[in-house]
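Student: I am sharing start_37.cif, which consists of mmCIF, C-alpha atoms:
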data_start
#
loop_
_atom_site.label_atom_id
_atom_site.label_comp_id
_atom_site.auth_asym_id
_atom_site.auth_seq_id
_atom_site.Cartn_x
_atom_site.Cartn_y
_atom_site.Cartn_z
CA ASN A 1 0.00 0.00 0.00
CA PHE A 2 1.13 3.58 -0.53
CA MET A 3 1.19 6.60 1.77
CA LEU A 4 0.14 10.19 1.22
CA THR A 5 2.32 12.75 3.01
CA GLN A 6 1.12 16.26 3.82
CA PRO A 7 2.84 19.07 5.72
CA HIS A 8 1.69 19.13 9.31
CA SER A 9 0.83 22.82 9.20
CA VAL A 10 0.91 25.88 6.96
CA SER A 11 0.15 29.50 7.67
CA GLU A 12 -0.47 32.54 5.55
CA SER A 13 -2.02 35.97 5.73
CA PRO A 14 -5.53 36.91 4.61
CA GLY A 15 -5.72 37.71 0.92
CA LYS A 16 -2.65 35.62 0.07
CA THR A 17 -2.40 32.27 -1.69
CA VAL A 18 -1.42 29.02 0.02
CA THR A 19 -0.56 25.64 -1.47
CA ILE A 20 -0.94 22.39 0.48
CA SER A 21 0.94 19.43 -0.98
CA CYS A 22 0.11 15.73 -0.85
CA THR A 23 2.94 13.45 -1.95
CA ARG A 24 2.46 9.80 -2.88
CA ASN A 25 5.43 7.63 -1.87
CA SER A 26 4.95 4.77 -4.35
CA GLY A 27 3.06 4.37 -7.57
CA SER A 28 1.99 7.24 -9.79
CA ILE A 29 -0.12 10.02 -8.30
CA ALA A 30 -2.00 10.10 -11.60
CA ILE A 31 -3.26 6.50 -11.43
CA ASN A 32 -6.06 7.16 -8.93
CA TYR A 33 -8.07 10.29 -8.28
CA VAL A 34 -7.07 12.56 -5.40
CA HIS A 35 -9.74 14.28 -3.34
CA TRP A 36 -9.44 17.06 -0.77
CA TYR A 37 -11.51 17.63 2.35
CA GLN A 38 -11.87 20.59 4.70
CA GLN A 39 -12.63 19.88 8.34
CA ARG A 40 -13.50 22.56 10.82
CA PRO A 41 -13.37 21.78 14.58
CA GLY A 42 -16.26 19.67 15.74
CA SER A 43 -17.58 19.04 12.23
CA ALA A 44 -17.44 16.26 9.70
CA PRO A 45 -15.15 16.73 6.69
CA THR A 46 -16.56 18.27 3.51
CA THR A 47 -15.21 17.94 -0.01
CA VAL A 48 -13.51 21.01 -1.45
CA ILE A 49 -11.90 19.30 -4.48
CA TYR A 50 -12.74 15.91 -6.00
CA GLU A 51 -11.21 13.91 -8.85
CA ASP A 52 -7.94 15.88 -8.76
CA ASP A 53 -9.28 19.27 -9.83
CA GLN A 54 -13.08 19.35 -9.73
CA ARG A 55 -14.92 21.73 -7.46
CA PRO A 56 -18.26 20.70 -5.90
CA SER A 57 -21.12 23.13 -6.24
CA GLY A 58 -20.99 25.73 -3.50
CA ILE A 59 -17.19 25.69 -3.20
CA PRO A 60 -15.75 29.05 -4.26
CA ASP A 61 -13.34 29.20 -7.19
CA ARG A 62 -10.66 30.35 -4.75
CA PHE A 63 -10.14 26.61 -4.21
CA SER A 64 -8.35 24.64 -6.92
CA GLY A 65 -6.52 21.34 -7.25
CA SER A 66 -3.76 20.01 -9.42
CA ILE A 67 -1.58 16.96 -10.01
CA ASP A 68 2.17 17.06 -10.72
CA SER A 69 3.60 13.81 -12.01
CA SER A 70 7.18 15.09 -11.80
CA SER A 71 6.96 15.42 -8.01
CA ASN A 72 4.33 12.67 -7.71
CA SER A 73 2.16 14.97 -5.70
CA ALA A 74 -1.22 16.64 -5.64
CA SER A 75 -1.79 20.19 -4.51
CA LEU A 76 -4.67 22.12 -3.04
CA ILE A 77 -4.38 25.81 -3.80
CA ILE A 78 -6.41 28.39 -1.91
CA SER A 79 -6.22 31.94 -3.18
CA GLY A 80 -7.56 35.13 -1.63
CA LEU A 81 -7.35 33.53 1.81
CA LYS A 82 -10.09 34.32 4.29
CA THR A 83 -10.13 33.71 8.01
CA GLU A 84 -12.98 31.26 7.43
CA ASP A 85 -10.58 29.03 5.46
CA GLU A 86 -8.75 28.21 8.69
CA ALA A 87 -9.28 24.47 9.12
CA ASP A 88 -7.66 21.07 8.72
CA TYR A 89 -7.30 19.78 5.16
CA TYR A 90 -6.95 16.13 4.15
CA CYS A 91 -6.06 14.56 0.82
CA GLN A 92 -7.41 11.11 -0.02
CA SER A 93 -6.92 8.56 -2.76
CA TYR A 94 -7.29 4.82 -3.42
CA ASN A 95 -5.06 1.97 -4.40
CA SER A 96 -5.77 -0.52 -7.17
CA SER A 97 -7.75 -2.70 -4.77
CA ASN A 98 -10.11 0.15 -3.82
CA VAL A 99 -8.43 0.51 -0.42
CA VAL A 100 -8.75 4.10 0.81
CA VAL A 101 -5.69 6.11 1.82
CA PHE A 102 -5.88 9.43 3.68
CA GLY A 103 -3.05 11.90 4.10
CA GLY A 104 -2.17 12.85 7.65
CA GLY A 105 -3.83 16.24 7.39
CA THR A 106 -2.60 19.83 7.28
CA LYS A 107 -3.63 22.52 9.72
CA LEU A 108 -4.09 25.81 7.89
CA THR A 109 -3.75 28.95 9.96
CA VAL A 110 -4.82 32.26 8.47
CA LEU A 111 -3.18 35.01 10.47
CA VAL B 1 -28.95 12.06 1.30
CA GLN B 2 -28.48 12.10 5.06
CA LEU B 3 -26.53 9.66 7.20
CA GLN B 4 -26.85 9.25 10.97
CA GLU B 5 -24.66 7.13 13.23
CA SER B 6 -26.07 5.46 16.32
CA GLY B 7 -24.75 3.15 19.02
CA PRO B 8 -23.22 3.05 22.47
CA GLY B 9 -20.89 5.89 23.37
CA LEU B 10 -18.92 3.81 25.86
CA VAL B 11 -17.45 0.35 25.32
CA LYS B 12 -15.32 -1.67 27.74
CA PRO B 13 -11.86 -2.88 26.71
CA SER B 14 -11.82 -6.29 24.98
CA GLN B 15 -15.50 -5.97 24.07
CA THR B 16 -17.10 -5.35 20.66
CA LEU B 17 -17.90 -1.89 19.36
CA SER B 18 -21.13 -1.82 17.34
CA LEU B 19 -22.46 1.12 15.35
CA THR B 20 -25.25 1.55 12.84
CA CYS B 21 -25.62 4.15 10.11
CA SER B 22 -29.15 5.01 9.05
CA VAL B 23 -29.54 6.40 5.55
CA SER B 24 -32.38 8.72 4.53
CA GLY B 25 -33.13 10.56 1.33
CA GLY B 26 -31.93 7.73 -0.86
CA SER B 27 -31.94 3.95 -1.08
CA ILE B 28 -28.92 2.01 0.05
CA SER B 29 -29.82 -0.51 -2.69
CA SER B 30 -29.66 1.95 -5.54
CA GLY B 31 -26.22 0.74 -6.57
CA HIS B 32 -23.04 2.62 -7.56
CA TYR B 33 -22.33 3.60 -3.95
CA PHE B 34 -19.86 2.37 -1.38
CA TRP B 35 -21.09 2.82 2.20
CA SER B 36 -18.15 3.48 4.45
CA TRP B 37 -16.91 3.85 8.00
CA ILE B 38 -14.13 6.29 8.82
CA ARG B 39 -12.82 7.17 12.27
CA GLN B 40 -10.85 9.98 13.85
CA PRO B 41 -9.11 9.61 17.23
CA PRO B 42 -9.22 12.79 19.34
CA GLY B 43 -6.80 15.35 17.94
CA LYS B 44 -5.65 13.05 15.14
CA GLY B 45 -6.30 12.46 11.46
CA LEU B 46 -8.84 10.45 9.52
CA GLU B 47 -8.56 6.67 9.30
CA TRP B 48 -10.58 4.63 6.85
CA ILE B 49 -12.07 1.45 8.32
CA GLY B 50 -13.83 -0.10 5.34
CA TYR B 51 -16.82 0.04 3.05
CA ILE B 52 -19.61 -2.16 1.83
CA TYR B 53 -21.65 -2.35 -1.35
CA TYR B 54 -25.39 -2.99 -1.09
CA SER B 55 -24.82 -6.55 -2.33
CA GLY B 56 -22.62 -7.23 0.70
CA THR B 57 -19.23 -6.97 -1.02
CA THR B 58 -16.75 -5.50 1.46
CA TYR B 59 -13.36 -3.82 1.44
CA TYR B 60 -11.44 -3.39 4.68
CA SER B 61 -8.42 -1.46 5.87
CA PRO B 62 -5.51 -3.93 6.02
CA SER B 63 -4.63 -2.66 9.51
CA LEU B 64 -8.10 -3.39 10.92
CA GLU B 65 -9.27 -6.25 8.73
CA SER B 66 -8.83 -8.94 11.38
CA ARG B 67 -11.21 -7.16 13.80
CA VAL B 68 -13.79 -5.51 11.52
CA THR B 69 -17.07 -6.72 10.07
CA LEU B 70 -19.38 -4.55 7.99
CA SER B 71 -22.92 -5.56 7.15
CA VAL B 72 -25.87 -4.04 5.34
CA ASP B 73 -29.61 -4.27 5.98
CA THR B 74 -31.38 -3.07 2.85
CA SER B 75 -34.83 -3.54 4.40
CA LYS B 76 -33.96 -0.95 7.06
CA ASN B 77 -31.77 1.18 4.78
CA GLN B 78 -28.92 0.79 7.26
CA PHE B 79 -25.38 -0.49 7.37
CA SER B 80 -23.38 -1.46 10.42
CA LEU B 81 -19.89 -1.73 11.87
CA LYS B 82 -18.58 -4.27 14.37
CA LEU B 83 -15.07 -3.89 15.75
CA THR B 84 -13.92 -6.64 18.12
CA SER B 85 -11.37 -6.73 20.94
CA VAL B 86 -11.31 -2.97 21.37
CA THR B 87 -8.66 -1.07 23.32
CA ALA B 88 -8.24 2.56 24.30
CA ALA B 89 -6.61 3.12 20.90
CA ASP B 90 -10.02 2.56 19.32
CA THR B 91 -11.44 5.62 21.07
CA ALA B 92 -12.50 7.93 18.26
CA VAL B 93 -15.27 9.77 16.49
CA TYR B 94 -16.74 7.27 14.06
CA TYR B 95 -18.21 8.62 10.83
CA CYS B 96 -20.31 6.86 8.25
CA ALA B 97 -20.01 8.20 4.71
CA ARG B 98 -20.98 7.50 1.11
CA ALA B 99 -18.76 7.36 -1.97
CA PHE B 100 -19.87 6.99 -5.58
CA TYR B 101 -18.44 4.18 -7.67
CA GLY B 102 -18.18 4.70 -11.41
CA SER B 103 -15.01 3.86 -13.31
CA GLN B 104 -13.23 4.50 -10.01
CA VAL B 105 -14.37 5.07 -6.48
CA THR B 106 -14.77 8.79 -6.06
CA ASN B 107 -14.87 11.09 -3.04
CA PHE B 108 -16.91 10.76 0.14
CA ALA B 109 -19.53 13.33 -0.74
CA PHE B 110 -21.89 12.64 2.15
CA TRP B 111 -20.97 12.15 5.81
CA GLY B 112 -22.81 11.57 9.03
CA GLN B 113 -22.25 13.98 11.91
CA GLY B 114 -20.04 11.47 13.70
CA ALA B 115 -20.41 9.47 16.90
CA LEU B 116 -17.85 9.58 19.70
CA VAL B 117 -17.06 6.14 21.07
CA THR B 118 -14.89 5.91 24.16
CA VAL B 119 -13.22 2.67 25.18
CA SER B 120 -12.85 2.61 28.94
CA SER B 121 -13.61 0.39 31.89
#
Kindly transcribe the structure held in the file into structure tokens.

Tutor:
Amino acid sequence: NFMLTQPHSVSESPGKTVTISCTRNSGSIAINYVHWYQQRPGSAPTTVIYEDDQRPSGIPDRFSGSIDSSSNSASLIISGLKTEDEADYYCQSYNSSNVVVFGGGTKLTVL
Amino acid sequence: VQLQESGPGLVKPSQTLSLTCSVSGGSISSGHYFWSWIRQPPGKGLEWIGYIYYSGTTYYSPSLESRVTLSVDTSKNQFSLKLTSVTAADTAVYYCARAFYGSQVTNFAFWGQGALVTVSS
């Protein structure tokens, strides 16, 4: 099975852009879709990006996703940061046997 | 679609943790969906436990497979989790969730609110 590695925490100022990485340690990042979830304290996760770069309805276009095969990683990019974006973010993918893999999560601080 | 977890909030060590997820707003038998359990220990990240298709086909996390059983009751529109031989390390918020299955399994688009289960004597 593979692992997805995220930075433990990132911080940025309001109005700026932040990128959260999710690196796959074996196998190509492009083989299986990567999804991103936002989790605020005390709440269940919600999808902010699905299938690498798709945005669910209701998610602002400040949120975007991408895949980089050269670094074997996925990225969640949040532009025009708002204080309400402060949350934990998780990437998630699958292996060839439909086993789910979550990244360890990244705490985003908007200061 | 709405999902709601239910079950005991306190389980003794070595006993079996049992939770049920009730689904409303859609049929669990409609196909193309994987019904899943995911947990989150206090202050830690998300851990996938497993999922089940309405037909009963299951996929389990390799790290929990020896202790986990998922089942589905289509007549009640529910699916359930049993985790045996629990220890304090199994203390967590347990979420049920739904993922769509097309050419690949996609994201968990719907989640329950979560149920805190504490393992303690």

Student: Could you expand the PyMOL selection byres ((chain B) within 7 of (chain A)) into the explicit residues it covers here, written as a PDB file with C-alpha atoms, keeping the file's coordinate frame?

Tutor:
ATOM      1  CA  GLY B  45      -6.300  12.460  11.460  1.00  0.00           C
ATOM      2  CA  LEU B  46      -8.840  10.450   9.520  1.00  0.00           C
ATOM      3  CA  GLU B  47      -8.560   6.670   9.300  1.00  0.00           C
ATOM      4  CA  TRP B  48     -10.580   4.630   6.850  1.00  0.00           C
ATOM      5  CA  TYR B  59     -13.360  -3.820   1.440  1.00  0.00           C
ATOM      6  CA  SER B  61      -8.420  -1.460   5.870  1.00  0.00           C
ATOM      7  CA  THR B 106     -14.770   8.790  -6.060  1.00  0.00           C
ATOM      8  CA  ASN B 107     -14.870  11.090  -3.040  1.00  0.00           C
ATOM      9  CA  ALA B 109     -19.530  13.330  -0.740  1.00  0.00           C
ATOM     10  CA  TRP B 111     -20.970  12.150   5.810  1.00  0.00           C
ATOM     11  CA  GLN B 113     -22.250  13.980  11.910  1.00  0.00           C
ATOM     12  CA  GLY B 114     -20.040  11.470  13.700  1.00  0.00           C
TER      13      GLY B 114
END

Student: Starting from the displayed file, determine the output of the PyMOL selection byres ((chain B and resi 49-57) around 9) and express the residue list as a short mmCIF file (atom, residue, chain, number, x, y, z; two decimals) with C-alpha atoms, keeping the file's coordinate frame.

Tutor:
data_model
loop_
_atom_site.label_atom_id
_atom_site.label_comp_id
_atom_site.auth_asym_id
_atom_site.auth_seq_id
_atom_site.Cartn_x
_atom_site.Cartn_y
_atom_site.Cartn_z
CA VAL A 99 -8.43 0.51 -0.42
CA VAL A 100 -8.75 4.10 0.81
CA ILE B 28 -28.92 2.01 0.05
CA SER B 29 -29.82 -0.51 -2.69
CA SER B 30 -29.66 1.95 -5.54
CA GLY B 31 -26.22 0.74 -6.57
CA HIS B 32 -23.04 2.62 -7.56
CA TYR B 33 -22.33 3.60 -3.95
CA PHE B 34 -19.86 2.37 -1.38
CA TRP B 35 -21.09 2.82 2.20
CA SER B 36 -18.15 3.48 4.45
CA TRP B 37 -16.91 3.85 8.00
CA ILE B 38 -14.13 6.29 8.82
CA ARG B 39 -12.82 7.17 12.27
CA GLU B 47 -8.56 6.67 9.30
CA TRP B 48 -10.58 4.63 6.85
CA THR B 58 -16.75 -5.50 1.46
CA TYR B 59 -13.36 -3.82 1.44
CA TYR B 60 -11.44 -3.39 4.68
CA SER B 61 -8.42 -1.46 5.87
CA PRO B 62 -5.51 -3.93 6.02
CA SER B 63 -4.63 -2.66 9.51
CA LEU B 64 -8.10 -3.39 10.92
CA GLU B 65 -9.27 -6.25 8.73
CA VAL B 68 -13.79 -5.51 11.52
CA THR B 69 -17.07 -6.72 10.07
CA LEU B 70 -19.38 -4.55 7.99
CA SER B 71 -22.92 -5.56 7.15
CA VAL B 72 -25.87 -4.04 5.34
CA ASP B 73 -29.61 -4.27 5.98
CA THR B 74 -31.38 -3.07 2.85
CA PHE B 79 -25.38 -0.49 7.37
CA ALA B 97 -20.01 8.20 4.71
CA ARG B 98 -20.98 7.50 1.11
#

Student: Rounded to one decimal place, report the CA of Gln38 (chain A)-CA of Asp85 (chain A) distance in Å.

Tutor: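 Those two atoms sit 8.6 Å apart.
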
Student: Between CA of Ile67 (chain A) and CA of Ile20 (chain A), what distance in Å does the model show, to one decimal?

Tutor: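 Distance between the two atoms: 11.8 Å.
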
Student: Have a look at CA of Ala87 (chain A) and CA of Lys16 (chain A) and let me know their distance in Å, one decimal.

Tutor: 15.8 Å

Student: Would you write out, as a list in words, every residue that the PyMOL selection byres ((chain B and resi 93) around 9) captures in this file?

Tutor: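 For this structure, the PyMOL selection byres ((chain B and resi 93) around 9) captures Ile38, Arg39, Gln40, Pro41, Pro42, Thr91, Ala92, Tyr94, Tyr95, Gly114, Ala115, Leu116, Val117 and Thr118 of chain B.
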
Student: Could the residues in this selection be written to a file with C-alpha atoms, as a PDB file, keeping the file's coordinate frame?

Tutor:
ATOM      1  CA  ILE B  38     -14.130   6.290   8.820  1.00  0.00           C
ATOM      2  CA  ARG B  39     -12.820   7.170  12.270  1.00  0.00           C
ATOM      3  CA  GLN B  40     -10.850   9.980  13.850  1.00  0.00           C
ATOM      4  CA  PRO B  41      -9.110   9.610  17.230  1.00  0.00           C
ATOM      5  CA  PRO B  42      -9.220  12.790  19.340  1.00  0.00           C
ATOM      6  CA  THR B  91     -11.440   5.620  21.070  1.00  0.00           C
ATOM      7  CA  ALA B  92     -12.500   7.930  18.260  1.00  0.00           C
ATOM      8  CA  TYR B  94     -16.740   7.270  14.060  1.00  0.00           C
ATOM      9  CA  TYR B  95     -18.210   8.620  10.830  1.00  0.00           C
ATOM     10  CA  GLY B 114     -20.040  11.470  13.700  1.00  0.00           C
ATOM     11  CA  ALA B 115     -20.410   9.470  16.900  1.00  0.00           C
ATOM     12  CA  LEU B 116     -17.850   9.580  19.700  1.00  0.00           C
ATOM     13  CA  VAL B 117     -17.060   6.140  21.070  1.00  0.00           C
ATOM     14  CA  THR B 118     -14.890   5.910  24.160  1.00  0.00           C
TER      15      THR B 118
END

Student: Place a sphere of radius 7 Å on (-19.4, 2.2, 24.4) in the file coordinates and name every protein, DNA or RNA residue with an atom inside or on its surface, counting only C-alpha atoms; give the answer as a VMD selection string.

Tutor: chain B and resid 8 to 12 17 117 to 119

Student: Just to be explicit: take each residue in the selection above, keep C-alpha atoms, and write the result as a PDB file, in the coordinates of the input.

Tutor:
ATOM      1  CA  PRO B   8     -23.220   3.050  22.470  1.00  0.00           C
ATOM      2  CA  GLY B   9     -20.890   5.890  23.370  1.00  0.00           C
ATOM      3  CA  LEU B  10     -18.920   3.810  25.860  1.00  0.00           C
ATOM      4  CA  VAL B  11     -17.450   0.350  25.320  1.00  0.00           C
ATOM      5  CA  LYS B  12     -15.320  -1.670  27.740  1.00  0.00           C
ATOM      6  CA  LEU B  17     -17.900  -1.890  19.360  1.00  0.00           C
ATOM      7  CA  VAL B 117     -17.060   6.140  21.070  1.00  0.00           C
ATOM      8  CA  THR B 118     -14.890   5.910  24.160  1.00  0.00           C
ATOM      9  CA  VAL B 119     -13.220   2.670  25.180  1.00  0.00           C
TER      10      VAL B 119
END

Student: I need the residue nearest Lys82 (chain A) from this list: A:Ser28, A:Thr17, A:Asn95, A:Gln6. Use only C-alpha atoms for the distance.

Tutor: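 For Lys82 (chain A), the nearest of the candidates is A:Thr17.
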
Student: Do a neighbour search on Leu3 (chain B) at 6 Å with only C-alpha atoms, toss out local chain neighbours closer than 5 positions, and write the hits as number ranges by chain.

Tutor: B: 22-23, 112

Student: For Ala89 (chain B), which residue out of B:Ser66, B:Ser75, B:Ser14, B:Ser27 is the nearest one, using only C-alpha atoms?

Tutor: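 Closest to Ala89 (chain B), using only C-alpha atoms: B:Ser14.
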
Student: Restricting the calculation to all atoms listed in the file, which member of A:Thr5, A:Thr109, A:Thr19, A:Ser26 is positioned closest to Phe63 (chain A)?

Tutor: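 Closest to Phe63 (chain A), using all atoms listed in the file: A:Thr19.
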
Student: For Thr23 (chain A), find every residue with an atom within 6 Å (counting only C-alpha atoms), except residues of its own chain fewer than 3 positions away, and show them as a VMD selection string.

Tutor: chain A and resid 4 to 5 72 to 73

Student: For the residues in the current selection, export C-alpha atoms as an mmCIF file, keeping the file's coordinate frame.

Tutor:
data_model
loop_
_atom_site.group_PDB
_atom_site.id
_atom_site.type_symbol
_atom_site.label_atom_id
_atom_site.label_comp_id
_atom_site.auth_asym_id
_atom_site.auth_seq_id
_atom_site.Cartn_x
_atom_site.Cartn_y
_atom_site.Cartn_z
ATOM 1 C CA LEU A 4 0.140 10.190 1.220
ATOM 2 C CA THR A 5 2.320 12.750 3.010
ATOM 3 C CA ASN A 72 4.330 12.670 -7.710
ATOM 4 C CA SER A 73 2.160 14.970 -5.700
#

Student: Name the closest residue to Phe110 (chain B) among the candidates B:Thr16, B:Thr84, B:Gly26, B:Asn77; distances are taken between atoms, counting all atoms listed in the file.

Tutor: B:Gly26

Student: Would you save region 63-89 of chain B to a file, keeping N, CA and C atoms, as an mmCIF file, in the first residue's frame?

Tutor:
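Everything below was put into part_18.cif:
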data_model
loop_
_atom_site.group_PDB
_atom_site.id
_atom_site.type_symbol
_atom_site.label_atom_id
_atom_site.label_comp_id
_atom_site.auth_asym_id
_atom_site.auth_seq_id
_atom_site.Cartn_x
_atom_site.Cartn_y
_atom_site.Cartn_z
ATOM 1 N N SER B 63 -5.053 -2.736 8.106
ATOM 2 C CA SER B 63 -4.631 -2.661 9.505
ATOM 3 C C SER B 63 -5.736 -3.054 10.480
ATOM 4 N N LEU B 64 -6.979 -3.079 10.029
ATOM 5 C CA LEU B 64 -8.100 -3.393 10.918
ATOM 6 C C LEU B 64 -8.864 -4.636 10.492
ATOM 7 N N GLU B 65 -8.494 -5.185 9.364
ATOM 8 C CA GLU B 65 -9.275 -6.252 8.733
ATOM 9 C C GLU B 65 -9.580 -7.423 9.660
ATOM 10 N N SER B 66 -8.648 -7.763 10.524
ATOM 11 C CA SER B 66 -8.835 -8.941 11.385
ATOM 12 C C SER B 66 -9.892 -8.710 12.458
ATOM 13 N N ARG B 67 -10.274 -7.458 12.708
ATOM 14 C CA ARG B 67 -11.210 -7.163 13.800
ATOM 15 C C ARG B 67 -12.522 -6.544 13.322
ATOM 16 N N VAL B 68 -12.654 -6.277 12.037
ATOM 17 C CA VAL B 68 -13.793 -5.506 11.517
ATOM 18 C C VAL B 68 -14.746 -6.390 10.712
ATOM 19 N N THR B 69 -16.039 -6.133 10.924
ATOM 20 C CA THR B 69 -17.067 -6.719 10.071
ATOM 21 C C THR B 69 -18.075 -5.633 9.729
ATOM 22 N N LEU B 70 -18.322 -5.444 8.439
ATOM 23 C CA LEU B 70 -19.380 -4.550 7.992
ATOM 24 C C LEU B 70 -20.537 -5.381 7.456
ATOM 25 N N SER B 71 -21.739 -4.882 7.665
ATOM 26 C CA SER B 71 -22.921 -5.565 7.149
ATOM 27 C C SER B 71 -23.916 -4.516 6.691
ATOM 28 N N VAL B 72 -24.860 -4.954 5.868
ATOM 29 C CA VAL B 72 -25.868 -4.042 5.342
ATOM 30 C C VAL B 72 -27.242 -4.666 5.502
ATOM 31 N N ASP B 73 -28.220 -3.837 5.849
ATOM 32 C CA ASP B 73 -29.614 -4.271 5.978
ATOM 33 C C ASP B 73 -30.432 -3.390 5.041
ATOM 34 N N THR B 74 -30.678 -3.887 3.839
ATOM 35 C CA THR B 74 -31.376 -3.065 2.847
ATOM 36 C C THR B 74 -32.830 -2.813 3.245
ATOM 37 N N SER B 75 -33.426 -3.726 3.996
ATOM 38 C CA SER B 75 -34.835 -3.536 4.397
ATOM 39 C C SER B 75 -34.988 -2.355 5.358
ATOM 40 N N LYS B 76 -33.941 -2.077 6.126
ATOM 41 C CA LYS B 76 -33.965 -0.953 7.063
ATOM 42 C C LYS B 76 -33.206 0.259 6.529
ATOM 43 N N ASN B 77 -32.597 0.108 5.354
ATOM 44 C CA ASN B 77 -31.767 1.177 4.783
ATOM 45 C C ASN B 77 -30.647 1.585 5.736
ATOM 46 N N GLN B 78 -29.984 0.574 6.284
ATOM 47 C CA GLN B 78 -28.917 0.787 7.259
ATOM 48 C C GLN B 78 -27.711 -0.071 6.916
ATOM 49 N N PHE B 79 -26.547 0.374 7.385
ATOM 50 C CA PHE B 79 -25.377 -0.490 7.370
ATOM 51 C C PHE B 79 -24.672 -0.359 8.711
ATOM 52 N N SER B 80 -23.894 -1.368 9.054
ATOM 53 C CA SER B 80 -23.379 -1.457 10.420
ATOM 54 C C SER B 80 -21.898 -1.820 10.458
ATOM 55 N N LEU B 81 -21.306 -1.473 11.594
ATOM 56 C CA LEU B 81 -19.895 -1.734 11.867
ATOM 57 C C LEU B 81 -19.784 -2.532 13.158
ATOM 58 N N LYS B 82 -18.969 -3.572 13.146
ATOM 59 C CA LYS B 82 -18.585 -4.267 14.370
ATOM 60 C C LYS B 82 -17.061 -4.318 14.421
ATOM 61 N N LEU B 83 -16.511 -3.889 15.535
ATOM 62 C CA LEU B 83 -15.068 -3.894 15.752
ATOM 63 C C LEU B 83 -14.805 -4.655 17.051
ATOM 64 N N THR B 84 -14.107 -5.763 16.960
ATOM 65 C CA THR B 84 -13.917 -6.637 18.119
ATOM 66 C C THR B 84 -12.650 -6.302 18.887
ATOM 67 N N SER B 85 -12.580 -6.823 20.095
ATOM 68 C CA SER B 85 -11.374 -6.728 20.938
ATOM 69 C C SER B 85 -10.838 -5.304 21.022
ATOM 70 N N VAL B 86 -11.709 -4.373 21.381
ATOM 71 C CA VAL B 86 -11.310 -2.966 21.369
ATOM 72 C C VAL B 86 -10.373 -2.636 22.535
ATOM 73 N N THR B 87 -9.539 -1.634 22.288
ATOM 74 C CA THR B 87 -8.659 -1.074 23.317
ATOM 75 C C THR B 87 -8.844 0.439 23.322
ATOM 76 N N ALA B 88 -8.141 1.101 24.222
ATOM 77 C CA ALA B 88 -8.240 2.562 24.300
ATOM 78 C C ALA B 88 -7.867 3.219 22.972
ATOM 79 N N ALA B 89 -7.021 2.565 22.194
ATOM 80 C CA ALA B 89 -6.610 3.117 20.899
ATOM 81 C C ALA B 89 -7.763 3.190 19.897
#
